[in-house]
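Beneath this line is the structure, given in structure tokens, with notes to follow.
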Amino acid sequence: MGKERAVSTSWFIRVACAAALLLGAGCATAPVRDWESKTFEFPYVHDYEVVNRTTFTWRDDFLSADSRAYSQELAGPLSALAASVYGYRHDLDVHALVEMGFNAASLYRRYGRDLDYADATYGRDQVGFTLAAKRIFLDGALHDVLFVVVRGTYGRDEWISNMNICNTPGRAVDFAPEQVPALHEGFRKAADAVQAAVEAYVASNGVDCASAKVVVTGHSRGAAVANLLGARLDDGKLLPGVRPGNAFVYAFAPPNTVLDPAAEPDAPRYGNIFNIVNPEDMVPLVPITKWSSRRYGRDLLLKHYDALSTWEVWTDPAYNAMKDEFRTMTGYEWWHTPFGTNSTYLVPAVLGAVAPTVPDLYLVTKDQRDAGNTTSVHSILEMMVFRSMDPVSDAPDPSLGDDVRQLTRVYSKMRDSKRAEDGDDYFYTPDGRDFSRQPGIFDLPWRLSCMHATQTYIGWMKAAELYGPAAVYRNWPSTENKER
């Protein structure tokens, strides 16, 4: 009898809350019940123009756990959601978020021509992102849910921003070590832009921060911005009403964000920030650790070729599941780098030798200046990017940038003939590939690109669903930053 009354009371509270919400709700969507579960395809852009999909399950009650405990149930769909925003021109992020229960009309999206790289405040230091909010029943109570999904690098301007470690003091004639900022300037300014939009969106949608579950994710440049936003949430500098344990931050392949050697980015309060890192991926190694560069939160280090024995390379079930998933998604074989992490660490090692400190990166000697030469290591790198990439407006599909097109220009003949036949550049998903055009075993650019690809990270998340986190992370269950 007591149990029946408790159930009846709970039902009454839910109905009353729903009625109150529908009569005077400020959040963007009507509440969703916490027991709803959906398995669906997350679409994302692959190989520049082709839309592919991967399947994950989403339930709102994934958010009922404490965010400081890693959740593979969350990591999987978030890896795909972070990939979906690269296909914003085709509303791939909208499709995924609608399937997750968000109202398409309530989304705030800032991409494409909304990003003015001549903007006086942020300039090239901008980033694309999608904001989504809804209200749900979770654990017998109403909660607002806020998603912040940040896109990775978009064309030439944002690549130059990736190199903006500290351009402001770096352009001074005498750049002293004490002028190095606490945070990577390009990522910090991008995070500032997203934060301003988040605060405005929360206010206009009536999001209750005290009860809110906040989810932040991204890949590559987007992961760096997610990393900084996560730290601001934990420090009370972004949405200060959000409670500890209610901010979920999953960053896939994040570069380093923190430059201050006195900072403590691995402090316990940042324990809800999970950085998923492939040790053969060069991007998480920059800015290089020789410059005291780190990132907030915990690094989860994926298995890699060097860490496996010769026998395990062929027999490790999780490693092979990741490779199988990569081939299913892309049509290409997955290749590790030719010499494992030795290849990955080559560029950071050379960069550290040429510029042992951040001021050295921007250094222009007096003799150079006297001769009218203002060339620094940084300006050379910036010039290489500027000359090798087209501006966004000229790229065939600027959602991924010309750099990705150049590294992955290896389509199957079948896809090419299909494209010529019906002109469907964007939504044709091939059923098979002609592997005569597969990148070569020693194609270093392809293989380095492969290490950073969203499909590699998604593949690992699919493997973790099958075999568990301990089968894919080298430092599980420890998440200390030991291998940097």
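Chain lettering (A, B, ...) mirrors the order of the structure tokens, residue numbering begins at 1 for each chain separately, and ligand numbering begins at 1 in order of display.
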
Please provide the set of residues having any atom within 6 Å of Ser67 of chain A, restricted to only C-alpha atoms, with same-chain residues fewer than 5 positions apart removed, written as a PDB file with all heavy atoms, in the first residue's frame.
ATOM      1  N   GLY A 245      29.560  18.261 -10.745  1.00  0.00           N
ATOM      2  CA  GLY A 245      29.010  16.960 -11.112  1.00  0.00           C
ATOM      3  C   GLY A 245      27.963  17.031 -12.194  1.00  0.00           C
ATOM      4  O   GLY A 245      27.499  15.992 -12.683  1.00  0.00           O
ATOM      5  N   ASN A 246      27.563  18.251 -12.607  1.00  0.00           N
ATOM      6  CA  ASN A 246      26.542  18.410 -13.650  1.00  0.00           C
ATOM      7  C   ASN A 246      27.094  18.955 -14.963  1.00  0.00           C
ATOM      8  O   ASN A 246      26.330  19.244 -15.872  1.00  0.00           O
ATOM      9  CB  ASN A 246      25.421  19.339 -13.165  1.00  0.00           C
ATOM     10  CG  ASN A 246      24.423  18.616 -12.280  1.00  0.00           C
ATOM     11  OD1 ASN A 246      24.459  17.391 -12.152  1.00  0.00           O
ATOM     12  ND2 ASN A 246      23.544  19.365 -11.653  1.00  0.00           N
ATOM     13  N   ALA A 247      28.425  19.096 -15.064  1.00  0.00           N
ATOM     14  CA  ALA A 247      29.042  19.577 -16.309  1.00  0.00           C
ATOM     15  C   ALA A 247      29.850  18.437 -16.912  1.00  0.00           C
ATOM     16  O   ALA A 247      30.830  17.970 -16.313  1.00  0.00           O
ATOM     17  CB  ALA A 247      29.927  20.787 -16.041  1.00  0.00           C
ATOM     18  N   PHE A 248      29.456  17.996 -18.095  1.00  0.00           N
ATOM     19  CA  PHE A 248      30.062  16.849 -18.763  1.00  0.00           C
ATOM     20  C   PHE A 248      30.892  17.357 -19.947  1.00  0.00           C
ATOM     21  O   PHE A 248      30.332  17.946 -20.884  1.00  0.00           O
ATOM     22  CB  PHE A 248      28.983  15.890 -19.277  1.00  0.00           C
ATOM     23  CG  PHE A 248      28.056  15.381 -18.204  1.00  0.00           C
ATOM     24  CD1 PHE A 248      27.011  16.176 -17.719  1.00  0.00           C
ATOM     25  CD2 PHE A 248      28.214  14.113 -17.670  1.00  0.00           C
ATOM     26  CE1 PHE A 248      26.150  15.714 -16.736  1.00  0.00           C
ATOM     27  CE2 PHE A 248      27.353  13.636 -16.683  1.00  0.00           C
ATOM     28  CZ  PHE A 248      26.325  14.438 -16.212  1.00  0.00           C
ATOM     29  N   ASN A 272      36.060  16.420 -14.312  1.00  0.00           N
ATOM     30  CA  ASN A 272      34.955  16.114 -15.228  1.00  0.00           C
ATOM     31  C   ASN A 272      35.333  16.362 -16.683  1.00  0.00           C
ATOM     32  O   ASN A 272      34.509  16.173 -17.580  1.00  0.00           O
ATOM     33  CB  ASN A 272      33.743  16.987 -14.889  1.00  0.00           C
ATOM     34  CG  ASN A 272      34.064  18.473 -15.023  1.00  0.00           C
ATOM     35  OD1 ASN A 272      35.139  18.935 -14.646  1.00  0.00           O
ATOM     36  ND2 ASN A 272      33.133  19.232 -15.569  1.00  0.00           N
TER      37      ASN A 272
END

So that I can check the surroundings of segment 369-379 of chain A, please list as an mmCIF file with N, CA, C and O atoms, in the first residue's frame every protein, DNA and RNA residue that reaches within 12 Å of it, counting only C-alpha atoms and ignoring chain neighbours fewer than 3 positions away.
data_model
loop_
_atom_site.group_PDB
_atom_site.id
_atom_site.type_symbol
_atom_site.label_atom_id
_atom_site.label_comp_id
_atom_site.auth_asym_id
_atom_site.auth_seq_id
_atom_site.Cartn_x
_atom_site.Cartn_y
_atom_site.Cartn_z
ATOM 1 N N ILE A 160 45.346 29.464 -39.046
ATOM 2 C CA ILE A 160 46.255 30.508 -38.577
ATOM 3 C C ILE A 160 45.990 30.810 -37.105
ATOM 4 O O ILE A 160 46.912 31.019 -36.313
ATOM 5 N N SER A 161 44.729 30.784 -36.703
ATOM 6 C CA SER A 161 44.394 30.976 -35.297
ATOM 7 C C SER A 161 44.964 29.852 -34.434
ATOM 8 O O SER A 161 45.385 30.089 -33.297
ATOM 9 N N ASN A 162 44.971 28.618 -34.960
ATOM 10 C CA ASN A 162 45.574 27.508 -34.215
ATOM 11 C C ASN A 162 47.028 27.806 -33.864
ATOM 12 O O ASN A 162 47.551 27.327 -32.854
ATOM 13 N N MET A 163 47.686 28.590 -34.718
ATOM 14 C CA MET A 163 49.089 28.952 -34.477
ATOM 15 C C MET A 163 49.234 30.234 -33.662
ATOM 16 O O MET A 163 50.353 30.636 -33.335
ATOM 17 N N ASN A 164 48.120 30.847 -33.338
ATOM 18 C CA ASN A 164 48.157 32.086 -32.561
ATOM 19 C C ASN A 164 48.342 31.748 -31.086
ATOM 20 O O ASN A 164 47.426 31.828 -30.272
ATOM 21 N N ILE A 165 49.551 31.373 -30.733
ATOM 22 C CA ILE A 165 49.836 31.045 -29.340
ATOM 23 C C ILE A 165 49.784 32.313 -28.497
ATOM 24 O O ILE A 165 49.172 32.350 -27.431
ATOM 25 N N CYS A 166 50.438 33.350 -28.976
ATOM 26 C CA CYS A 166 50.358 34.659 -28.301
ATOM 27 C C CYS A 166 50.802 35.735 -29.278
ATOM 28 O O CYS A 166 51.825 36.392 -29.073
ATOM 29 N N ASN A 167 50.032 35.914 -30.326
ATOM 30 C CA ASN A 167 50.395 36.890 -31.348
ATOM 31 C C ASN A 167 50.442 38.316 -30.822
ATOM 32 O O ASN A 167 51.249 39.121 -31.275
ATOM 33 N N GLY A 170 53.586 38.819 -29.045
ATOM 34 C CA GLY A 170 54.615 38.336 -29.958
ATOM 35 C C GLY A 170 54.958 39.309 -31.056
ATOM 36 O O GLY A 170 56.032 39.228 -31.649
ATOM 37 N N ARG A 171 54.064 40.230 -31.333
ATOM 38 C CA ARG A 171 54.328 41.206 -32.383
ATOM 39 C C ARG A 171 55.123 42.407 -31.852
ATOM 40 O O ARG A 171 55.475 43.294 -32.592
ATOM 41 N N ALA A 172 55.341 42.438 -30.540
ATOM 42 C CA ALA A 172 56.135 43.528 -29.970
ATOM 43 C C ALA A 172 57.596 43.374 -30.386
ATOM 44 O O ALA A 172 58.053 42.282 -30.709
ATOM 45 N N VAL A 173 58.322 44.466 -30.366
ATOM 46 C CA VAL A 173 59.735 44.429 -30.757
ATOM 47 C C VAL A 173 60.529 43.567 -29.790
ATOM 48 O O VAL A 173 61.339 42.740 -30.182
ATOM 49 N N ASP A 174 60.306 43.728 -28.511
ATOM 50 C CA ASP A 174 61.001 42.941 -27.494
ATOM 51 C C ASP A 174 59.976 42.106 -26.741
ATOM 52 O O ASP A 174 59.236 42.616 -25.893
ATOM 53 N N VAL A 350 61.420 18.724 -33.767
ATOM 54 C CA VAL A 350 62.081 19.719 -34.617
ATOM 55 C C VAL A 350 61.688 21.126 -34.184
ATOM 56 O O VAL A 350 62.537 22.025 -34.082
ATOM 57 N N LEU A 351 60.397 21.327 -33.905
ATOM 58 C CA LEU A 351 59.922 22.647 -33.489
ATOM 59 C C LEU A 351 60.574 23.071 -32.174
ATOM 60 O O LEU A 351 60.970 24.232 -32.002
ATOM 61 N N GLY A 352 60.724 22.119 -31.254
ATOM 62 C CA GLY A 352 61.350 22.431 -29.987
ATOM 63 C C GLY A 352 62.824 22.773 -30.126
ATOM 64 O O GLY A 352 63.363 23.568 -29.347
ATOM 65 N N ALA A 353 63.480 22.175 -31.120
ATOM 66 C CA ALA A 353 64.888 22.481 -31.357
ATOM 67 C C ALA A 353 65.053 23.860 -31.980
ATOM 68 O O ALA A 353 65.979 24.605 -31.649
ATOM 69 N N VAL A 354 64.134 24.230 -32.874
ATOM 70 C CA VAL A 354 64.210 25.529 -33.546
ATOM 71 C C VAL A 354 63.774 26.653 -32.615
ATOM 72 O O VAL A 354 64.352 27.753 -32.639
ATOM 73 N N ALA A 355 62.752 26.385 -31.810
ATOM 74 C CA ALA A 355 62.219 27.408 -30.890
ATOM 75 C C ALA A 355 62.052 26.785 -29.512
ATOM 76 O O ALA A 355 60.984 26.263 -29.185
ATOM 77 N N PRO A 356 63.099 26.805 -28.682
ATOM 78 C CA PRO A 356 63.022 26.166 -27.360
ATOM 79 C C PRO A 356 61.985 26.794 -26.427
ATOM 80 O O PRO A 356 61.514 26.137 -25.500
ATOM 81 N N THR A 357 61.642 28.062 -26.650
ATOM 82 C CA THR A 357 60.644 28.737 -25.821
ATOM 83 C C THR A 357 59.643 29.457 -26.728
ATOM 84 O O THR A 357 59.904 29.640 -27.925
ATOM 85 N N VAL A 358 58.537 29.871 -26.153
ATOM 86 C CA VAL A 358 57.554 30.613 -26.942
ATOM 87 C C VAL A 358 58.134 31.926 -27.472
ATOM 88 O O VAL A 358 57.941 32.259 -28.641
ATOM 89 N N PRO A 359 58.862 32.711 -26.656
ATOM 90 C CA PRO A 359 59.476 33.918 -27.226
ATOM 91 C C PRO A 359 60.402 33.616 -28.404
ATOM 92 O O PRO A 359 60.475 34.398 -29.355
ATOM 93 N N ASP A 360 61.098 32.466 -28.361
ATOM 94 C CA ASP A 360 61.956 32.092 -29.496
ATOM 95 C C ASP A 360 61.134 31.878 -30.763
ATOM 96 O O ASP A 360 61.624 32.086 -31.876
ATOM 97 N N LEU A 361 59.890 31.446 -30.590
ATOM 98 C CA LEU A 361 59.023 31.226 -31.738
ATOM 99 C C LEU A 361 58.761 32.527 -32.484
ATOM 100 O O LEU A 361 58.634 32.551 -33.713
ATOM 101 N N TYR A 362 58.716 33.617 -31.743
ATOM 102 C CA TYR A 362 58.401 34.923 -32.319
ATOM 103 C C TYR A 362 59.648 35.812 -32.481
ATOM 104 O O TYR A 362 59.534 36.955 -32.907
ATOM 105 N N LEU A 363 60.802 35.275 -32.136
ATOM 106 C CA LEU A 363 62.017 36.086 -32.080
ATOM 107 C C LEU A 363 62.422 36.660 -33.436
ATOM 108 O O LEU A 363 62.503 35.943 -34.432
ATOM 109 N N VAL A 364 62.677 37.957 -33.459
ATOM 110 C CA VAL A 364 63.306 38.644 -34.602
ATOM 111 C C VAL A 364 64.500 39.397 -34.022
ATOM 112 O O VAL A 364 64.334 40.320 -33.229
ATOM 113 N N THR A 365 65.707 38.982 -34.389
ATOM 114 C CA THR A 365 66.900 39.563 -33.779
ATOM 115 C C THR A 365 67.098 41.013 -34.214
ATOM 116 O O THR A 365 66.544 41.469 -35.225
ATOM 117 N N LYS A 366 67.938 41.709 -33.458
ATOM 118 C CA LYS A 366 68.248 43.106 -33.794
ATOM 119 C C LYS A 366 68.903 43.198 -35.168
ATOM 120 O O LYS A 366 68.594 44.098 -35.960
ATOM 121 N N GLU A 382 53.118 30.504 -40.305
ATOM 122 C CA GLU A 382 51.881 31.165 -40.716
ATOM 123 C C GLU A 382 51.844 31.350 -42.230
ATOM 124 O O GLU A 382 50.800 31.161 -42.871
ATOM 125 N N MET A 383 52.982 31.701 -42.811
ATOM 126 C CA MET A 383 53.054 31.899 -44.255
ATOM 127 C C MET A 383 52.819 30.588 -45.006
ATOM 128 O O MET A 383 52.167 30.548 -46.039
ATOM 129 N N MET A 384 53.348 29.477 -44.455
ATOM 130 C CA MET A 384 53.149 28.173 -45.081
ATOM 131 C C MET A 384 51.667 27.829 -45.152
ATOM 132 O O MET A 384 51.165 27.350 -46.167
ATOM 133 N N VAL A 385 50.962 28.066 -44.047
ATOM 134 C CA VAL A 385 49.520 27.805 -44.022
ATOM 135 C C VAL A 385 48.800 28.718 -45.001
ATOM 136 O O VAL A 385 47.948 28.281 -45.787
ATOM 137 N N PHE A 386 49.155 29.990 -44.972
ATOM 138 C CA PHE A 386 48.472 30.967 -45.810
ATOM 139 C C PHE A 386 48.620 30.631 -47.293
ATOM 140 O O PHE A 386 47.669 30.745 -48.068
ATOM 141 N N ARG A 387 49.822 30.198 -47.686
ATOM 142 C CA ARG A 387 50.072 29.937 -49.106
ATOM 143 C C ARG A 387 49.576 28.573 -49.575
ATOM 144 O O ARG A 387 49.346 28.376 -50.762
#

Closest contacts (segment 149-263 of chain A/segment 91-97 of chain A, max 12 Å, only C-alpha atoms) as a tab-separated table:
residue	atom	partner	partner_atom	distance
A:Val149	CA	A:Asp93	CA	8.9
A:Val150	CA	A:Asp93	CA	10.6
A:Arg151	CA	A:Asp93	CA	10.2

Closest of A:Leu238, A:Ala118, A:Val51, A:Val313 to Ala83 of chain A, counting only C-alpha atoms, is A:Val51

Counting only C-alpha atoms, the residue among A:Glu333, A:Glu73, A:Asp299, A:Asp316 that lies closest to Ala471 of chain A is A:Asp316

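Separating atom CA of Trp311 of chain A from atom CA of Ile458 of chain A is a distance of 24.3 Å.
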
*Considering only C-alpha atoms, return as an MDAnalysis selection string whatever protein or nucleic-acid residues lie within 12 Å of Arg53 of chain A, sequence-local ones (same chain, fewer than 2 positions apart) excluded.*
chainID A and resid 40:46 50:51 55:56 77 80:81 83:84 87 92:93 95:96 325:326 328:330 427:430 454:455 458:459

Q: Tell me which protein, DNA and RNA residues are within 12 Å of Asp306 of chain A, counting only C-alpha atoms, leaving out same-chain ones fewer than 4 positions away, and put them as an NGL selection string.
A: :A and (278-280 or 302 or 310 or 312-313 or 336-344 or 474)

Next item on the list: Considering only C-alpha atoms, return as a PyMOL selection string whatever protein or nucleic-acid residues lie within 10 Å of Ala263 of chain A, sequence-local ones (same chain, fewer than 4 positions apart) excluded.
Entry: chain A and resi 182-183+258-259+267+292+294-296

For those residues, write all heavy atoms to a file as a CSV table (one decimal), in the first residue's frame.
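Here's the written file result33.csv:
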chain,number,residue,atom,x,y,z
A,182,ALA,N,48.6,33.1,-20.1
A,182,ALA,CA,48.3,31.9,-19.3
A,182,ALA,C,47.7,30.9,-20.2
A,182,ALA,O,47.8,29.7,-20.0
A,182,ALA,CB,47.4,32.2,-18.2
A,183,LEU,N,47.0,31.3,-21.3
A,183,LEU,CA,46.3,30.4,-22.2
A,183,LEU,C,46.7,30.7,-23.6
A,183,LEU,O,47.0,31.8,-24.0
A,183,LEU,CB,44.8,30.6,-22.0
A,183,LEU,CG,44.2,30.3,-20.6
A,183,LEU,CD1,42.7,30.7,-20.6
A,183,LEU,CD2,44.4,28.9,-20.2
A,258,VAL,N,46.9,25.4,-22.1
A,258,VAL,CA,47.4,26.1,-21.0
A,258,VAL,C,48.9,26.3,-21.1
A,258,VAL,O,49.6,25.4,-21.4
A,258,VAL,CB,47.1,25.4,-19.6
A,258,VAL,CG1,47.7,26.2,-18.5
A,258,VAL,CG2,45.7,25.1,-19.5
A,259,LEU,N,49.3,27.6,-21.0
A,259,LEU,CA,50.8,27.9,-21.1
A,259,LEU,C,51.4,28.3,-19.8
A,259,LEU,O,52.7,28.3,-19.7
A,259,LEU,CB,50.9,29.1,-22.1
A,259,LEU,CG,50.3,28.9,-23.5
A,259,LEU,CD1,50.5,30.2,-24.3
A,259,LEU,CD2,51.1,27.8,-24.3
A,267,ALA,N,44.1,19.7,-11.6
A,267,ALA,CA,43.6,19.8,-10.2
A,267,ALA,C,42.3,19.0,-10.2
A,267,ALA,O,41.6,18.8,-11.2
A,267,ALA,CB,43.3,21.2,-9.9
A,292,SER,N,56.0,24.4,-21.8
A,292,SER,CA,55.1,24.2,-20.6
A,292,SER,C,53.6,24.2,-20.9
A,292,SER,O,52.8,24.6,-20.1
A,292,SER,CB,55.4,25.4,-19.6
A,292,SER,OG,56.7,25.5,-19.2
A,294,ARG,N,50.0,22.5,-21.5
A,294,ARG,CA,49.2,21.4,-21.0
A,294,ARG,C,47.8,21.7,-21.3
A,294,ARG,O,47.5,22.6,-22.0
A,294,ARG,CB,49.5,21.2,-19.5
A,294,ARG,CG,50.9,20.8,-19.1
A,294,ARG,CD,51.1,21.0,-17.6
A,294,ARG,NE,51.2,22.4,-17.3
A,294,ARG,CZ,51.1,22.8,-16.0
A,294,ARG,NH1,51.0,22.0,-15.0
A,294,ARG,NH2,51.2,24.1,-15.8
A,295,ARG,N,46.9,20.9,-20.8
A,295,ARG,CA,45.4,21.1,-21.0
A,295,ARG,C,44.7,20.7,-19.7
A,295,ARG,O,45.2,20.0,-18.9
A,295,ARG,CB,44.9,20.4,-22.2
A,295,ARG,CG,45.2,18.9,-22.2
A,295,ARG,CD,44.7,18.2,-23.5
A,295,ARG,NE,45.5,17.0,-23.7
A,295,ARG,CZ,46.5,16.8,-24.5
A,295,ARG,NH1,46.9,17.8,-25.3
A,295,ARG,NH2,47.1,15.7,-24.6
A,296,TYR,N,43.5,21.3,-19.5
A,296,TYR,CA,42.7,21.0,-18.3
A,296,TYR,C,42.2,19.5,-18.3
A,296,TYR,O,41.9,19.0,-19.4
A,296,TYR,CB,41.6,21.9,-18.2
A,296,TYR,CG,42.0,23.4,-17.9
A,296,TYR,CD1,42.0,24.3,-18.9
A,296,TYR,CD2,42.3,23.7,-16.6
A,296,TYR,CE1,42.3,25.7,-18.6
A,296,TYR,CE2,42.7,25.0,-16.3
A,296,TYR,CZ,42.7,26.0,-17.3
A,296,TYR,OH,43.1,27.3,-17.0

- prompt: Any idea what's packed within 9 Å of Met461 of chain A, counting only C-alpha atoms, ignoring anything in its chain fewer than 6 positions away? Could you give it as a PyMOL selection string?
  reply: chain A and resi 72+75-77+79+322+469+472

When DSSP is applied to the backbone of this structure, which of segment 44-257 of chain A are assigned strand (DSSP E)? Write them out as a ChimeraX atom specification. /A:44-46,50-59,108-110,129-138,141-150,213-219,247-252

Take the residues from that selection and write them out as a compact mmCIF listing (two decimals), in the first residue's frame, keeping C-alpha atoms.
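Saved the output as selection02.txt:
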# COMPACT_ATOMS: atom_id res chain seq x y z
CA TYR A 44 28.79 13.26 -40.43
CA VAL A 45 30.90 14.37 -43.38
CA HIS A 46 33.55 11.94 -44.54
CA VAL A 50 30.44 12.14 -48.75
CA VAL A 51 27.98 11.87 -45.87
CA ASN A 52 28.45 8.75 -43.77
CA ARG A 53 26.74 7.57 -40.61
CA THR A 54 27.51 5.68 -37.44
CA THR A 55 25.04 4.27 -34.94
CA PHE A 56 24.93 4.97 -31.21
CA THR A 57 22.29 4.79 -28.50
CA TRP A 58 21.18 7.90 -26.62
CA ARG A 59 19.22 8.07 -23.37
CA TYR A 108 21.52 28.37 -32.15
CA ARG A 109 24.14 27.73 -34.84
CA ARG A 110 27.02 29.97 -35.79
CA PHE A 129 29.40 25.85 -32.84
CA THR A 130 25.86 24.67 -32.15
CA LEU A 131 23.89 25.30 -28.96
CA ALA A 132 20.85 23.24 -27.98
CA ALA A 133 18.59 23.24 -24.92
CA LYS A 134 15.67 21.14 -23.72
CA ARG A 135 13.94 20.27 -20.45
CA ILE A 136 13.72 16.70 -19.20
CA PHE A 137 12.46 14.60 -16.32
CA LEU A 138 15.47 12.95 -14.73
CA ALA A 141 12.90 16.01 -11.12
CA LEU A 142 12.96 18.57 -13.92
CA HIS A 143 16.32 19.50 -15.38
CA ASP A 144 17.36 21.78 -18.19
CA VAL A 145 19.91 20.26 -20.55
CA LEU A 146 22.34 22.45 -22.47
CA PHE A 147 24.57 21.09 -25.25
CA VAL A 148 27.56 23.03 -26.59
CA VAL A 149 29.06 21.32 -29.66
CA VAL A 150 32.15 23.02 -31.08
CA LYS A 213 23.05 19.40 -17.04
CA VAL A 214 25.65 20.98 -19.32
CA VAL A 215 27.38 18.93 -22.02
CA VAL A 216 30.37 20.33 -23.93
CA THR A 217 32.17 18.46 -26.70
CA GLY A 218 34.29 18.97 -29.79
CA HIS A 219 37.08 17.53 -31.93
CA ALA A 247 29.04 19.58 -16.31
CA PHE A 248 30.06 16.85 -18.76
CA VAL A 249 33.08 17.67 -20.95
CA TYR A 250 34.43 15.24 -23.58
CA ALA A 251 37.21 16.56 -25.81
CA PHE A 252 38.42 14.42 -28.71

**Message:** To one decimal place in Å, what is the distance between atom CA of Lys189 of chain A and atom CA of Asp125 of chain A?
**Reply:**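 Distance reported for this atom pair: 5.8 Å.
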